[in-house]
$ cat input.txt   # compact mmCIF, C-alpha atoms
# COMPACT_ATOMS: atom_id res chain seq x y z
CA MET A 1 186.71 63.21 166.76
CA GLY A 2 186.63 62.53 170.49
CA ALA A 3 183.79 62.62 172.95
CA VAL A 4 182.37 65.99 173.97
CA THR A 5 182.05 66.31 177.74
CA TRP A 6 181.52 69.09 180.26
CA GLU A 7 184.48 70.57 182.09
CA SER A 8 184.21 71.03 185.82
CA PRO A 9 182.30 74.29 186.21
CA SER A 10 183.52 77.16 188.31
CA SER A 11 182.07 77.32 191.79
CA LEU A 12 178.77 79.12 192.27
CA THR A 13 179.52 82.84 192.68
CA ALA A 14 177.26 85.34 194.46
CA TYR A 15 176.48 88.13 192.01
CA LEU A 16 173.60 90.22 193.35
CA SER A 17 172.15 90.08 196.84
CA ALA A 18 171.57 93.34 198.74
CA ASP A 19 170.83 95.04 195.39
CA LEU A 20 167.81 92.77 194.98
CA ASN A 21 166.38 93.38 198.43
CA SER A 22 163.18 95.52 198.30
CA LEU A 23 163.60 95.85 194.52
CA ALA A 24 160.44 97.53 193.22
CA ASP A 25 158.16 95.99 190.63
CA SER A 26 158.60 97.35 187.10
CA THR A 27 154.87 97.46 186.38
CA SER A 28 154.14 99.91 189.22
CA ASP A 29 157.28 102.03 189.26
CA THR A 30 159.28 103.86 186.63
CA THR A 31 162.59 103.78 188.52
CA GLY A 32 164.30 101.41 190.90
CA PHE A 33 162.93 98.19 189.43
CA SER A 34 166.17 96.80 188.04
CA ALA A 35 169.57 96.04 189.52
CA VAL A 36 172.87 95.66 187.69
CA GLY A 37 175.92 93.82 188.98
CA ALA A 38 179.66 94.14 188.55
CA GLU A 39 181.58 93.01 185.50
CA ILE A 40 181.98 89.28 184.94
CA SER A 41 185.34 88.75 183.26
CA ASN A 42 185.09 86.46 180.25
CA GLY A 43 187.56 88.10 177.87
CA THR A 44 190.37 85.76 178.92
CA ASP A 45 188.45 82.83 180.48
CA LEU A 46 186.41 82.43 177.27
CA LYS A 47 183.63 80.42 178.88
CA ARG A 48 180.79 79.42 176.55
CA TYR A 49 178.00 78.89 179.06
CA ILE A 50 176.59 80.36 182.23
CA ALA A 51 174.23 78.82 184.78
CA LEU A 52 172.11 81.11 186.96
CA GLU A 53 170.43 80.51 190.31
CA LEU A 54 167.81 83.02 191.43
CA VAL A 55 166.58 82.87 195.03
CA LEU A 56 163.61 84.99 196.01
CA ALA A 57 162.59 85.27 199.65
CA ALA A 58 158.90 85.07 200.52
CA GLN A 59 157.19 88.20 199.27
CA GLY A 60 154.77 90.26 201.35
CA ALA A 61 151.92 89.96 198.86
CA ALA A 62 151.11 87.47 196.13
CA ARG A 63 152.91 87.87 192.83
CA THR A 64 150.84 88.65 189.76
CA ALA A 65 149.76 85.71 187.61
CA GLY A 66 152.25 85.58 184.76
CA GLY A 67 154.83 87.48 186.81
CA PHE A 68 158.50 86.96 186.06
CA VAL A 69 162.05 88.02 186.71
CA ALA A 70 164.11 88.74 183.59
CA VAL A 71 167.91 88.71 183.44
CA TYR A 72 169.52 90.85 180.75
CA ILE A 73 173.14 90.77 179.60
CA ASN A 74 175.25 93.75 178.59
CA TYR A 75 178.50 92.97 176.78
CA SER A 76 181.67 95.03 176.59
CA ALA A 77 183.13 94.55 173.11
CA ASP A 78 186.31 96.48 173.96
CA GLY A 79 186.73 95.12 177.49
CA THR A 80 186.13 98.45 179.24
CA THR A 81 183.07 100.26 177.88
CA TYR A 82 179.44 99.25 178.44
CA ASP A 83 176.19 100.61 177.12
CA ASP A 84 173.97 102.26 179.72
CA THR A 85 173.81 99.30 182.12
CA SER A 86 171.02 100.85 184.15
CA ASN A 87 168.68 100.63 181.17
CA MET A 88 167.46 97.25 179.98
CA ALA A 89 166.73 98.73 176.55
CA PHE A 90 170.50 98.67 175.91
CA SER A 91 170.87 95.03 176.93
CA GLU A 92 169.59 91.76 175.52
CA VAL A 93 167.42 89.26 177.34
CA LEU A 94 169.51 86.39 178.66
CA THR A 95 166.76 84.39 180.39
CA VAL A 96 163.39 84.72 182.08
CA PHE A 97 162.32 83.08 185.34
CA ALA A 98 158.54 82.55 185.29
CA LEU A 99 156.85 82.70 188.69
CA ASP A 100 153.55 81.66 190.17
CA ALA A 101 150.95 83.91 191.80
CA ALA A 102 152.00 83.15 195.37
CA THR A 103 154.04 84.70 198.18
CA THR A 104 156.19 81.58 198.66
CA ALA A 105 159.98 81.78 198.49
CA ARG A 106 161.38 80.33 195.27
CA ARG A 107 164.74 78.93 194.05
CA LEU A 108 164.99 78.83 190.26
CA THR A 109 167.84 77.63 188.05
CA ARG A 110 168.71 78.03 184.37
CA VAL A 111 171.66 76.21 182.78
CA ASN A 112 173.46 75.99 179.43
CA ILE A 113 172.84 79.64 178.60
CA PRO A 114 175.33 80.65 175.89
CA VAL A 115 177.48 83.75 176.47
CA ALA A 116 179.97 85.53 174.23
CA PRO A 117 183.72 85.42 174.92
CA VAL A 118 183.85 89.02 176.18
CA ASP A 119 183.31 90.69 179.57
CA PHE A 120 179.71 91.34 180.56
CA LYS A 121 177.32 92.53 183.26
CA LEU A 122 173.92 91.18 184.21
CA LEU A 123 170.82 93.26 184.90
CA VAL A 124 167.82 91.88 186.82
CA LEU A 125 164.30 93.17 186.18
CA ASN A 126 161.53 92.56 188.71
CA ASN A 127 158.20 92.08 186.94
CA THR A 128 156.45 90.01 189.62
CA GLY A 129 153.74 92.54 190.47
CA GLN A 130 155.26 93.06 193.95
CA ALA A 131 158.45 94.44 195.43
CA PHE A 132 160.96 91.79 196.45
CA ALA A 133 161.32 91.00 200.16
CA SER A 134 163.63 93.24 202.17
CA SER A 135 166.24 90.48 202.56
CA GLY A 136 167.19 87.01 201.38
CA ASN A 137 167.19 87.52 197.59
CA THR A 138 170.21 86.45 195.52
CA LEU A 139 171.40 85.86 191.99
CA LYS A 140 174.37 83.51 191.66
CA TYR A 141 176.20 82.22 188.60
CA ARG A 142 178.81 79.75 187.39
CA THR A 143 180.52 79.60 184.01
CA TYR A 144 181.78 76.57 182.13
CA ASN A 145 182.75 75.06 178.77
CA GLU A 146 182.56 71.82 176.90
CA THR A 147 185.72 69.83 176.28
CA VAL A 148 186.63 67.44 173.50
CA ALA A 149 188.48 64.34 174.64
$ encode --input "input.txt" --output "structure tokens"
Amino acid sequence: MGAVTWESPSSLTAYLSADLNSLADSTSDTTGFSAVGAEISNGTDLKRYIALELVLAAQGAARTAGGFVAVYINYSADGTTYDDTSNMAFSEVLTVFALDAATTARRLTRVNIPVAPVDFKLLVLNNTGQAFASSGNTLKYRTYNETVA
């Protein structure tokens, strides 16, 4: 058996930006606290991993201690149909970005997150205790595989 190495990952792709601006906090609002993006095609690319970069602009008030941003994934088994993508109850948690109780802008990265070889969408939940800033928030991704040489 050969050496297992990483393939060159795809370039970083902007996924959500304007949808995250002014996103309400889930603990103080019953609607408008999550944002879902477009389909990420993985039914033919068959990538095994995703890396995520979350950028939050400085918030107007301090985040709650223990605040976080959760990213959920919603798969399409048949390549066309999704569960209710506006509802996190129909998705599974992909990763959580823990945040500090500050107003400071943050850039957070998660790598080597396994994904299934089917198309999917990502849903972002704001649970920071404050609405996101009105601009400058983004979620980006890249997908990749391992290779055996």
$ closest_atom_pairs --input "input.txt" --of "segment 61-128 of chain A" --to "segment 10-25 of chain A" --cutoff "12 Å" --atoms "all atoms listed in the file" --output "JSON lines"
{"residue": "A:Ala61", "atom": "CA", "partner": "A:Asp25", "partner_atom": "CA", "distance": 12.0}
{"residue": "A:Arg63", "atom": "CA", "partner": "A:Asp25", "partner_atom": "CA", "distance": 9.9}
{"residue": "A:Thr64", "atom": "CA", "partner": "A:Asp25", "partner_atom": "CA", "distance": 10.4}
{"residue": "A:Gly67", "atom": "CA", "partner": "A:Asp25", "partner_atom": "CA", "distance": 9.9}
{"residue": "A:Phe68", "atom": "CA", "partner": "A:Asp25", "partner_atom": "CA", "distance": 10.1}
{"residue": "A:Val69", "atom": "CA", "partner": "A:Asp25", "partner_atom": "CA", "distance": 9.7}
{"residue": "A:Ala70", "atom": "CA", "partner": "A:Asp25", "partner_atom": "CA", "distance": 11.7}
{"residue": "A:Val71", "atom": "CA", "partner": "A:Leu16", "partner_atom": "CA", "distance": 11.5}
{"residue": "A:Thr109", "atom": "CA", "partner": "A:Leu12", "partner_atom": "CA", "distance": 11.8}
{"residue": "A:Lys121", "atom": "CA", "partner": "A:Tyr15", "partner_atom": "CA", "distance": 9.8}
{"residue": "A:Leu122", "atom": "CA", "partner": "A:Tyr15", "partner_atom": "CA", "distance": 8.8}
{"residue": "A:Leu123", "atom": "CA", "partner": "A:Leu16", "partner_atom": "CA", "distance": 9.4}
{"residue": "A:Val124", "atom": "CA", "partner": "A:Leu20", "partner_atom": "CA", "distance": 8.2}
{"residue": "A:Leu125", "atom": "CA", "partner": "A:Asp25", "partner_atom": "CA", "distance": 8.1}
{"residue": "A:Asn126", "atom": "CA", "partner": "A:Asp25", "partner_atom": "CA", "distance": 5.2}
{"residue": "A:Asn127", "atom": "CA", "partner": "A:Asp25", "partner_atom": "CA", "distance": 5.4}
{"residue": "A:Thr128", "atom": "CA", "partner": "A:Asp25", "partner_atom": "CA", "distance": 6.3}
$ atom_distance --input "input.txt" --atom1 "atom CA of Val55 of chain A" --atom2 "atom CA of Asp119 of chain A"
24.1 Å
$ residues_around --input "input.txt" --residues "Thr147 of chain A" --least-positions-apart "4" --cutoff "12 Å" --atoms "only C-alpha atoms" --output "list in words"
Met1, Gly2, Ala3, Val4, Thr5, Trp6, Glu7, Ser8, Pro9, Lys47 and Arg48 of chain A
$ residues_around --input "input.txt" --residues "Val118 of chain A" --least-positions-apart "2" --cutoff "7 Å" --atoms "all atoms listed in the file" --output "PDB file with C-alpha atoms, in the coordinates of the input"
ATOM      1  CA  ASN A  42     185.090  86.460 180.250  1.00  0.00           C
ATOM      2  CA  GLY A  43     187.560  88.100 177.870  1.00  0.00           C
ATOM      3  CA  TYR A  75     178.500  92.970 176.780  1.00  0.00           C
ATOM      4  CA  SER A  76     181.670  95.030 176.590  1.00  0.00           C
ATOM      5  CA  ALA A  77     183.130  94.550 173.110  1.00  0.00           C
ATOM      6  CA  GLY A  79     186.730  95.120 177.490  1.00  0.00           C
ATOM      7  CA  ALA A 116     179.970  85.530 174.230  1.00  0.00           C
ATOM      8  CA  PHE A 120     179.710  91.340 180.560  1.00  0.00           C
TER       9      PHE A 120
END
$ closest_residue --input "input.txt" --among "A:Thr95, A:Thr80, A:Asn137, A:Thr104" --to "Ile40 of chain A" --atoms "all atoms listed in the file"
A:Thr80
$ atom_distance --input "input.txt" --atom1 "atom CA of Ile113 of chain A" --atom2 "atom CA of Asp100 of chain A"
22.6 Å
$ closest_residue --input "input.txt" --among "A:Ser41, A:Arg110, A:Asn74, A:Ala105" --to "Val93 of chain A" --atoms "all atoms listed in the file"
A:Asn74
$ atom_distance --input "input.txt" --atom1 "atom CA of Thr81 of chain A" --atom2 "atom CA of Phe97 of chain A"
28.0 Å
$ closest_residue --input "input.txt" --among "A:Gln59, A:Arg107, A:Glu39, A:Ile50" --to "Ser134 of chain A" --atoms "all atoms listed in the file"
A:Gln59
$ closest_residue --input "input.txt" --among "A:Ala101, A:Leu94, A:Ala62, A:Ala51" --to "Arg142 of chain A" --atoms "only C-alpha atoms"
A:Ala51
$ closest_residue --input "input.txt" --among "A:Thr103, A:Asn145, A:Gln130, A:Asn112" --to "Ala57 of chain A" --atoms "only C-alpha atoms"
A:Thr103
$ closest_residue --input "input.txt" --among "A:Gly129, A:Gly60, A:Gly66, A:Pro117" --to "Asp45 of chain A" --atoms "only C-alpha atoms"
A:Pro117
$ axis_aligned_box --input "input.txt" --around "segment 102-116 of chain A" --padding-each-side "6 Å" --output "JSON"
{"center_x": 166.0, "center_y": 80.8, "center_z": 186.4, "size_x": 40.0, "size_y": 21.5, "size_z": 36.4}
